[in-house]
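Visitor: Here you go, this is start_24.cif (mmCIF, C-alpha atoms).
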data_start
#
loop_
_atom_site.label_atom_id
_atom_site.label_comp_id
_atom_site.auth_asym_id
_atom_site.auth_seq_id
_atom_site.Cartn_x
_atom_site.Cartn_y
_atom_site.Cartn_z
CA ASN A 110 -0.55 -3.22 16.38
CA SER A 111 1.11 -5.04 19.26
CA THR A 112 3.80 -7.68 19.19
CA GLN A 113 1.33 -10.18 20.71
CA GLY A 114 -1.57 -9.55 18.37
CA GLY A 115 -2.80 -7.84 15.26
CA GLY A 116 -5.85 -6.50 13.54
CA THR A 117 -7.56 -5.40 10.34
CA VAL A 118 -8.37 -1.87 9.24
CA ALA A 119 -11.03 -1.57 6.53
CA LEU A 120 -11.05 1.89 4.95
CA PRO A 121 -14.23 3.38 3.47
CA ALA A 122 -14.27 3.02 -0.30
CA GLY A 123 -12.74 5.83 -2.32
CA CYS A 124 -11.72 8.09 0.58
CA VAL A 125 -8.51 10.16 0.45
CA TYR A 126 -6.42 10.47 3.63
CA THR A 127 -3.91 13.32 3.35
CA LEU A 128 -1.07 13.31 5.89
CA SER A 129 0.52 16.69 6.62
CA ALA A 130 3.02 15.62 9.30
CA ALA A 131 4.96 12.53 10.38
CA ASN A 132 3.65 10.41 13.23
CA ASN A 133 7.23 9.51 14.21
CA SER A 134 10.86 10.02 13.15
CA THR A 135 11.66 6.33 12.60
CA ASP A 136 14.03 5.74 9.65
CA GLY A 137 13.83 9.39 8.65
CA GLY A 138 10.11 9.94 9.24
CA THR A 139 6.94 7.88 8.88
CA GLY A 140 3.41 9.20 8.55
CA LEU A 141 1.67 6.33 10.36
CA PRO A 142 2.68 4.35 13.47
CA VAL A 143 5.43 1.78 12.89
CA ILE A 144 3.98 -1.69 12.20
CA THR A 145 5.18 -4.00 14.98
CA GLY A 146 2.34 -6.55 15.03
CA MET A 147 0.33 -8.32 12.33
CA VAL A 148 -1.71 -5.66 10.54
CA THR A 149 -4.00 -5.86 7.51
CA VAL A 150 -5.21 -2.75 5.70
CA GLN A 151 -8.11 -3.27 3.30
CA GLY A 152 -8.01 -0.11 1.19
CA ASN A 153 -11.24 -0.64 -0.79
CA GLY A 154 -9.95 1.87 -3.34
CA ALA A 155 -8.88 4.52 -0.81
CA THR A 156 -5.78 6.71 -1.05
CA VAL A 157 -3.21 7.61 1.61
CA ALA A 158 -1.07 10.53 0.48
CA ARG A 159 1.58 12.81 1.89
CA SER A 160 0.36 16.37 1.49
CA SER A 161 1.65 18.30 -1.53
CA ALA A 162 1.39 21.63 0.31
CA SER A 163 4.53 23.75 0.46
CA GLY A 164 6.54 23.14 3.61
CA THR A 165 5.31 19.59 4.22
CA PRO A 166 8.22 17.64 5.80
CA ALA A 167 9.68 14.49 4.25
CA PHE A 168 8.13 11.21 5.39
CA ARG A 169 6.94 7.89 4.01
CA MET A 170 3.54 6.35 4.81
CA PHE A 171 4.43 2.94 6.33
CA ASP A 172 7.40 1.40 8.17
CA VAL A 173 7.28 -2.34 8.96
CA ALA A 174 9.54 -3.34 11.88
CA SER A 175 11.65 -6.51 11.77
CA GLY A 176 9.05 -8.51 13.71
CA GLY A 177 6.06 -6.88 12.05
CA SER A 178 3.78 -7.97 9.23
CA LEU A 179 1.72 -5.71 6.96
CA ALA A 180 -0.76 -6.81 4.30
CA LEU A 181 -2.12 -4.08 2.02
CA SER A 182 -4.86 -4.48 -0.57
CA SER A 183 -6.65 -2.10 -2.95
CA LEU A 184 -4.85 0.98 -1.63
CA THR A 185 -3.11 3.88 -3.37
CA LEU A 186 0.01 5.39 -1.77
CA SER A 187 1.02 8.76 -3.20
CA ASN A 188 3.68 11.48 -2.84
CA GLY A 189 5.68 9.76 -0.09
CA LEU A 190 9.20 11.12 0.37
CA ALA A 191 12.21 9.43 2.01
CA SER A 192 15.14 11.81 1.92
CA ASN A 193 17.38 11.44 4.99
CA GLY A 194 20.29 9.93 3.03
CA GLN A 195 20.24 6.69 5.04
CA GLN A 196 16.99 4.78 4.38
CA GLY A 197 14.84 4.76 1.27
CA GLY A 198 11.30 3.64 0.60
CA GLY A 199 9.32 6.70 -0.39
CA ALA A 200 6.04 4.95 0.41
CA ILE A 201 7.08 1.91 2.50
CA TYR A 202 10.23 0.79 4.32
CA ASN A 203 9.98 -2.92 5.15
CA HIS A 204 12.22 -4.78 7.62
CA GLY A 205 9.69 -7.55 8.29
CA THR A 206 7.00 -9.13 6.10
CA LEU A 207 5.13 -7.05 3.54
CA SER A 208 2.38 -8.21 1.19
CA VAL A 209 0.88 -5.82 -1.38
CA THR A 210 -2.12 -6.78 -3.54
CA ALA A 211 -4.05 -4.76 -6.14
CA SER A 212 -2.52 -1.49 -4.98
CA THR A 213 -1.00 1.57 -6.66
CA PHE A 214 2.19 3.48 -5.91
CA THR A 215 2.39 6.85 -7.64
CA GLY A 216 4.66 9.86 -7.34
CA ASN A 217 6.68 8.51 -4.41
CA SER A 218 10.40 9.26 -4.23
CA SER A 219 13.71 8.65 -2.48
CA PRO A 220 16.03 11.22 -4.04
CA ALA A 221 19.01 11.25 -1.64
CA ALA A 222 22.35 10.43 -3.26
CA THR A 223 23.47 8.31 -0.28
CA GLY A 224 22.03 5.38 1.68
CA THR A 225 19.60 2.76 0.45
CA SER A 226 16.91 3.73 -2.01
CA GLY A 227 13.60 2.66 -3.57
CA GLY A 228 11.07 5.25 -4.68
CA GLY A 229 8.05 3.13 -3.83
CA ILE A 230 9.33 0.36 -1.55
CA ASN A 231 12.64 -0.36 0.19
CA SER A 232 12.58 -3.94 1.51
CA SER A 233 15.18 -5.71 3.64
CA GLY A 234 12.66 -8.36 4.70
CA THR A 235 10.22 -10.57 2.80
CA LEU A 236 8.22 -8.80 0.08
CA THR A 237 5.34 -10.05 -2.07
CA VAL A 238 3.71 -7.76 -4.67
CA THR A 239 0.76 -8.97 -6.73
CA THR A 240 -1.45 -7.28 -9.38
CA SER A 241 -0.20 -3.82 -8.42
CA THR A 242 0.90 -0.70 -10.30
CA PHE A 243 3.95 1.54 -9.89
CA THR A 244 3.88 4.75 -11.89
CA GLY A 245 5.93 7.93 -11.74
CA ASP A 246 8.00 6.80 -8.74
CA SER A 247 11.68 7.79 -8.57
CA ALA A 248 14.89 7.20 -6.60
CA GLN A 249 18.65 7.30 -6.99
CA GLU A 250 18.31 3.56 -7.78
CA GLY A 251 15.29 1.29 -7.84
CA GLY A 252 12.65 3.80 -8.88
CA GLY A 253 9.82 1.43 -7.94
CA ILE A 254 11.31 -1.21 -5.63
CA PHE A 255 14.72 -1.65 -3.94
CA ASN A 256 15.12 -5.25 -2.72
CA GLN A 257 17.74 -6.36 -0.19
CA LYS A 258 16.50 -9.85 0.76
CA THR A 259 13.58 -11.76 -0.82
CA ALA A 260 11.06 -10.29 -3.25
CA THR A 261 8.36 -11.84 -5.45
CA VAL A 262 6.62 -9.55 -7.95
CA THR A 263 3.72 -11.04 -9.93
CA ASN A 264 1.26 -9.72 -12.54
CA SER A 265 2.17 -6.10 -11.82
CA THR A 266 2.82 -3.06 -14.01
CA PHE A 267 5.70 -0.57 -13.85
CA THR A 268 5.30 2.56 -15.97
CA ASN A 269 7.44 5.72 -16.23
CA ASN A 270 9.46 5.10 -13.08
CA GLN A 271 12.98 6.53 -12.86
CA ALA A 272 16.38 5.81 -11.35
CA THR A 273 18.33 9.06 -11.28
CA ILE A 274 21.93 8.15 -10.33
CA TYR A 275 22.56 4.40 -10.63
CA GLY A 276 20.34 1.64 -11.98
CA GLY A 277 16.93 0.06 -12.12
CA GLY A 278 14.26 2.48 -13.27
CA ALA A 279 11.63 0.07 -11.95
CA LEU A 280 13.45 -2.54 -9.83
CA LEU A 281 16.85 -2.88 -8.20
CA ASN A 282 17.75 -6.27 -6.76
CA ALA A 283 20.65 -5.22 -4.54
CA ALA A 284 20.92 -8.37 -2.40
CA GLY A 285 19.18 -11.71 -1.97
CA THR A 286 16.76 -13.05 -4.58
CA GLU A 287 13.99 -11.58 -6.69
CA THR A 288 11.39 -13.38 -8.82
CA VAL A 289 9.47 -11.47 -11.49
CA THR A 290 6.54 -13.25 -13.15
CA GLY A 291 3.85 -11.97 -15.53
CA ASP A 292 4.88 -8.32 -15.14
CA THR A 293 4.92 -5.44 -17.63
CA PHE A 294 7.62 -2.74 -17.75
CA THR A 295 7.00 0.28 -19.98
CA GLY A 296 8.74 3.65 -20.26
CA ASN A 297 11.04 3.24 -17.26
CA THR A 298 14.42 4.99 -17.31
CA GLY A 299 17.77 4.92 -15.54
CA PRO A 300 21.50 5.38 -16.15
CA GLY A 301 21.77 1.57 -16.16
CA GLY A 302 19.01 -1.04 -16.40
CA GLY A 303 16.13 1.04 -17.67
CA ALA A 304 13.68 -1.42 -16.11
CA ILE A 305 15.75 -3.73 -13.85
CA ASP A 306 19.24 -3.69 -12.35
CA ASN A 307 20.28 -7.02 -10.79
CA ASP A 308 23.27 -7.42 -8.47
CA THR A 309 22.60 -10.94 -7.14
CA ALA A 310 19.99 -13.54 -8.21
CA LEU A 311 17.03 -12.72 -10.47
CA LYS A 312 14.42 -14.83 -12.26
CA ILE A 313 12.15 -13.31 -14.93
CA GLY A 314 9.29 -15.21 -16.55
CA ASP A 315 6.32 -14.41 -18.80
CA SER A 316 7.06 -10.68 -18.65
CA THR A 317 7.13 -7.83 -21.16
CA PHE A 318 9.69 -5.03 -21.46
CA PHE A 319 8.79 -2.26 -23.89
CA ASN A 320 10.21 1.22 -24.51
CA ASN A 321 12.49 1.31 -21.46
CA THR A 322 15.65 3.42 -21.68
CA ALA A 323 19.09 3.22 -20.09
CA GLY A 324 21.95 5.71 -20.33
CA GLY A 325 25.68 5.15 -20.52
CA ASN A 326 25.70 2.36 -17.93
CA GLY A 327 23.80 0.16 -20.39
CA GLY A 328 20.95 -2.33 -20.49
CA GLY A 329 17.84 -0.69 -21.88
CA ALA A 330 15.66 -3.31 -20.20
CA VAL A 331 17.98 -5.29 -17.89
CA GLN A 332 21.45 -4.68 -16.49
CA ASN A 333 22.93 -7.80 -14.89
CA PHE A 334 25.87 -8.01 -12.48
CA GLY A 335 24.79 -11.31 -10.89
CA THR A 336 22.79 -14.27 -12.18
CA THR A 337 19.66 -13.67 -14.26
CA ALA A 338 17.39 -16.24 -15.89
CA ILE A 339 14.83 -14.96 -18.43
CA THR A 340 12.15 -17.29 -19.82
CA GLN A 341 9.15 -16.82 -22.15
CA SER A 342 9.42 -13.03 -22.10
CA THR A 343 9.28 -10.23 -24.67
CA LEU A 344 11.85 -7.43 -24.92
CA SER A 345 11.02 -4.86 -27.59
CA GLY A 346 11.70 -1.20 -28.34
CA ASN A 347 14.15 -0.73 -25.47
CA THR A 348 17.14 1.56 -25.97
CA SER A 349 20.65 2.10 -24.59
CA PRO A 350 24.08 2.92 -26.01
CA TYR A 351 25.24 -0.43 -24.61
CA GLY A 352 22.85 -3.39 -24.83
CA ALA A 353 19.54 -2.10 -26.10
CA ASP A 354 17.73 -4.90 -24.25
CA ILE A 355 20.32 -6.53 -21.96
CA LEU A 356 23.79 -5.65 -20.71
CA ASN A 357 25.39 -8.63 -18.98
CA TYR A 358 28.50 -8.28 -16.85
#
Using structure tokens, write down the structure from this file.
Guide:
Amino acid sequence: NSTQGGGTVALPAGCVYTLSAANNSTDGGTGLPVITGMVTVQGNGATVARSSASGTPAFRMFDVASGGSLALSSLTLSNGLASNGQQGGGAIYNHGTLSVTASTFTGNSSPAATGTSGGGINSSGTLTVTTSTFTGDSAQEGGGIFNQKTATVTNSTFTNNQATIYGGGALLNAAGTETVTGDTFTGNTGPGGGAIDNDTALKIGDSTFFNNTAGGNGGGAVQNFGTTAITQSTLSGNTSPYGADILNY
């Protein structure tokens, strides 16, 4: 994990690594060393979790620095907590390049009412998510993912994630561009945009939105403040007082 090199960590299959303290205080606390080089973690079905024991401090699992690169595969990240009121990303805060494949984010949160958010991931760099699952993650906005630059989310599932104050039960595209292809959104909730809240540029293709719920801010599936293109997708059973499926500003 140096700026001149990199490496691969292959975790034994099915093991659970429980972190009880932060390794460092970067961006409000991170359980593992900050990623500054080019690092690959092959999870092989393993889990990295923040301890659920009473008194465990708030920290996320990974932080990717602006010049760093992290590739995760087949790994579960659970119970991460970002709560300093400045940076979100309950499981991962990404400033650099982050690639996530066949992984699961569950029970991670970023509950603070101020600062950036993202229950699972907060990304201000380049983000690629493929064939992954986000379930039961929560944040003030962007229960699953909070994007601030470039994000591509493909063939992934978002179930029962929650935005508590603003929008995007599953995804919030706050800045930059986001492309969503072949994804499924079910049972996500938020005051606005039960599944997705878009502030800038969003493309949705071949995706399904079912049984997502938005409150008084509208858009049971999608709330749009920017530019959104939706093609070959299904929106069904979503609810909101204003725009059961879509609320377009």
Visitor: Stretch 217-273 of chain A near stretch 289-309 of chain A within 10 Å: what's each residue's closest atom pair and its distance in Å to one decimal, counting only C-alpha atoms, ordered by chain then ascending residue number, as a Markdown table?
Guide:
| residue | atom | partner | partner_atom | distance |
| --- | --- | --- | --- | --- |
| A:Val238 | CA | A:Val289 | CA | 9.7 |
| A:Thr239 | CA | A:Asp292 | CA | 9.4 |
| A:Thr240 | CA | A:Asp292 | CA | 8.6 |
| A:Ser241 | CA | A:Asp292 | CA | 9.6 |
| A:Thr242 | CA | A:Thr293 | CA | 9.6 |
| A:Phe243 | CA | A:Phe294 | CA | 9.7 |
| A:Thr244 | CA | A:Asn297 | CA | 9.1 |
| A:Gly245 | CA | A:Asn297 | CA | 8.9 |
| A:Asp246 | CA | A:Asn297 | CA | 9.7 |
| A:Ser247 | CA | A:Thr298 | CA | 9.6 |
| A:Ala248 | CA | A:Gly299 | CA | 9.7 |
| A:Gln249 | CA | A:Gly299 | CA | 8.9 |
| A:Glu250 | CA | A:Gly299 | CA | 7.9 |
| A:Gly251 | CA | A:Asp306 | CA | 7.8 |
| A:Gly252 | CA | A:Gly299 | CA | 8.5 |
| A:Gly253 | CA | A:Ala304 | CA | 9.5 |
| A:Ile254 | CA | A:Ile305 | CA | 9.7 |
| A:Phe255 | CA | A:Asp306 | CA | 9.8 |
| A:Asn256 | CA | A:Asn307 | CA | 9.7 |
| A:Gln257 | CA | A:Thr309 | CA | 9.6 |
| A:Ala260 | CA | A:Val289 | CA | 8.5 |
| A:Thr261 | CA | A:Val289 | CA | 6.2 |
| A:Val262 | CA | A:Val289 | CA | 4.9 |
| A:Thr263 | CA | A:Thr290 | CA | 4.8 |
| A:Asn264 | CA | A:Gly291 | CA | 4.6 |
| A:Ser265 | CA | A:Asp292 | CA | 4.8 |
| A:Thr266 | CA | A:Thr293 | CA | 4.8 |
| A:Phe267 | CA | A:Phe294 | CA | 4.9 |
| A:Thr268 | CA | A:Thr295 | CA | 4.9 |
| A:Asn269 | CA | A:Asn297 | CA | 4.5 |
| A:Asn270 | CA | A:Asn297 | CA | 4.8 |
| A:Gln271 | CA | A:Thr298 | CA | 4.9 |
| A:Ala272 | CA | A:Gly299 | CA | 4.5 |
| A:Thr273 | CA | A:Gly299 | CA | 6.0 |
Visitor: Run the PyMOL selection byres ((chain A and resi 145-161) around 7) mentally over the shown coordinates, then write out the matched residues as a PyMOL selection string, using the chain letters and numbers from the document.
Guide: chain A and resi 110-129+143-144+162-163+165+173-174+176-189
Visitor: Between A:Asn326, A:Thr348, A:Ser212, A:Thr225, which residue has the minimum interatomic distance to A:Gln195, considering all atoms listed in the file?
Guide: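 Smallest separation from A:Gln195 among the options: A:Thr225.
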Visitor: My list of candidates is A:Asn320, A:Thr336, A:Ser134, A:Ser349. Which is closest to A:Glu287 when distances are computed with all atoms listed in the file?
Guide: A:Thr336
Visitor: Extract, using all atoms listed in the file, all DNA, RNA and protein residues at most 12 Å from A:Gly194, discarding same-chain residues fewer than 4 positions from it, and format them as a list in words.
Guide: Asp136, Gly137, Gly138, Ala167, Leu190, Gly198, Gly199, Ser219, Pro220, Ala221, Ala222, Thr223, Gly224, Thr225, Ser226, Gly227, Ala248 and Gln249 of chain A
Visitor: Under the rule that only C-alpha atoms are counted, which of A:Leu236, A:Ile339, A:Leu141, A:Leu344 is the nearest residue to A:Thr317?
Guide: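 The shortest atom-to-atom distance to A:Thr317 comes from A:Leu344.
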Visitor: Pick out the closest residue to A:Ala353 from this set: A:Asn321, A:Asn333, A:Gln341, A:Thr206. Count all atoms listed in the file.
Guide: A:Asn321
Visitor: Between atom CA of A:Ala279 and atom CA of A:Asn217, what distance in Å does the model show, to one decimal?
Guide: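 Rounded to one decimal, the two atoms are 12.4 Å apart.
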Visitor: So which one's closest to A:Gly324, A:Thr213, A:Asn347, A:Thr139, A:Ser342? Using all atoms listed in the file, please.
Guide: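 For A:Gly324, the nearest of the candidates is A:Asn347.
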Visitor: Any idea what the distance is between atom CA of A:Gly228 and atom CA of A:Gly197?
Guide: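 Atom CA of A:Gly197 lies 7.1 Å from atom CA of A:Gly228.
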Visitor: Applied to the shown file, which residues does the PyMOL selection byres ((chain A and resi 202) around 7) return, written as a PyMOL selection string?
Guide: chain A and resi 171-173+197-198+201+203-204+230-232
Visitor: Name the closest residue to A:Gly205 among the candidates A:Ile355, A:Arg169, A:Gly285, A:Ser175; distances are taken between atoms, counting only C-alpha atoms.
Guide: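 Closest to A:Gly205 of all the choices is A:Ser175.
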Visitor: Please compute the atom CA of A:Gly314-atom CA of A:Tyr358 distance, one decimal, in Å.
Guide: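 Atom CA of A:Tyr358 lies 20.4 Å from atom CA of A:Gly314.
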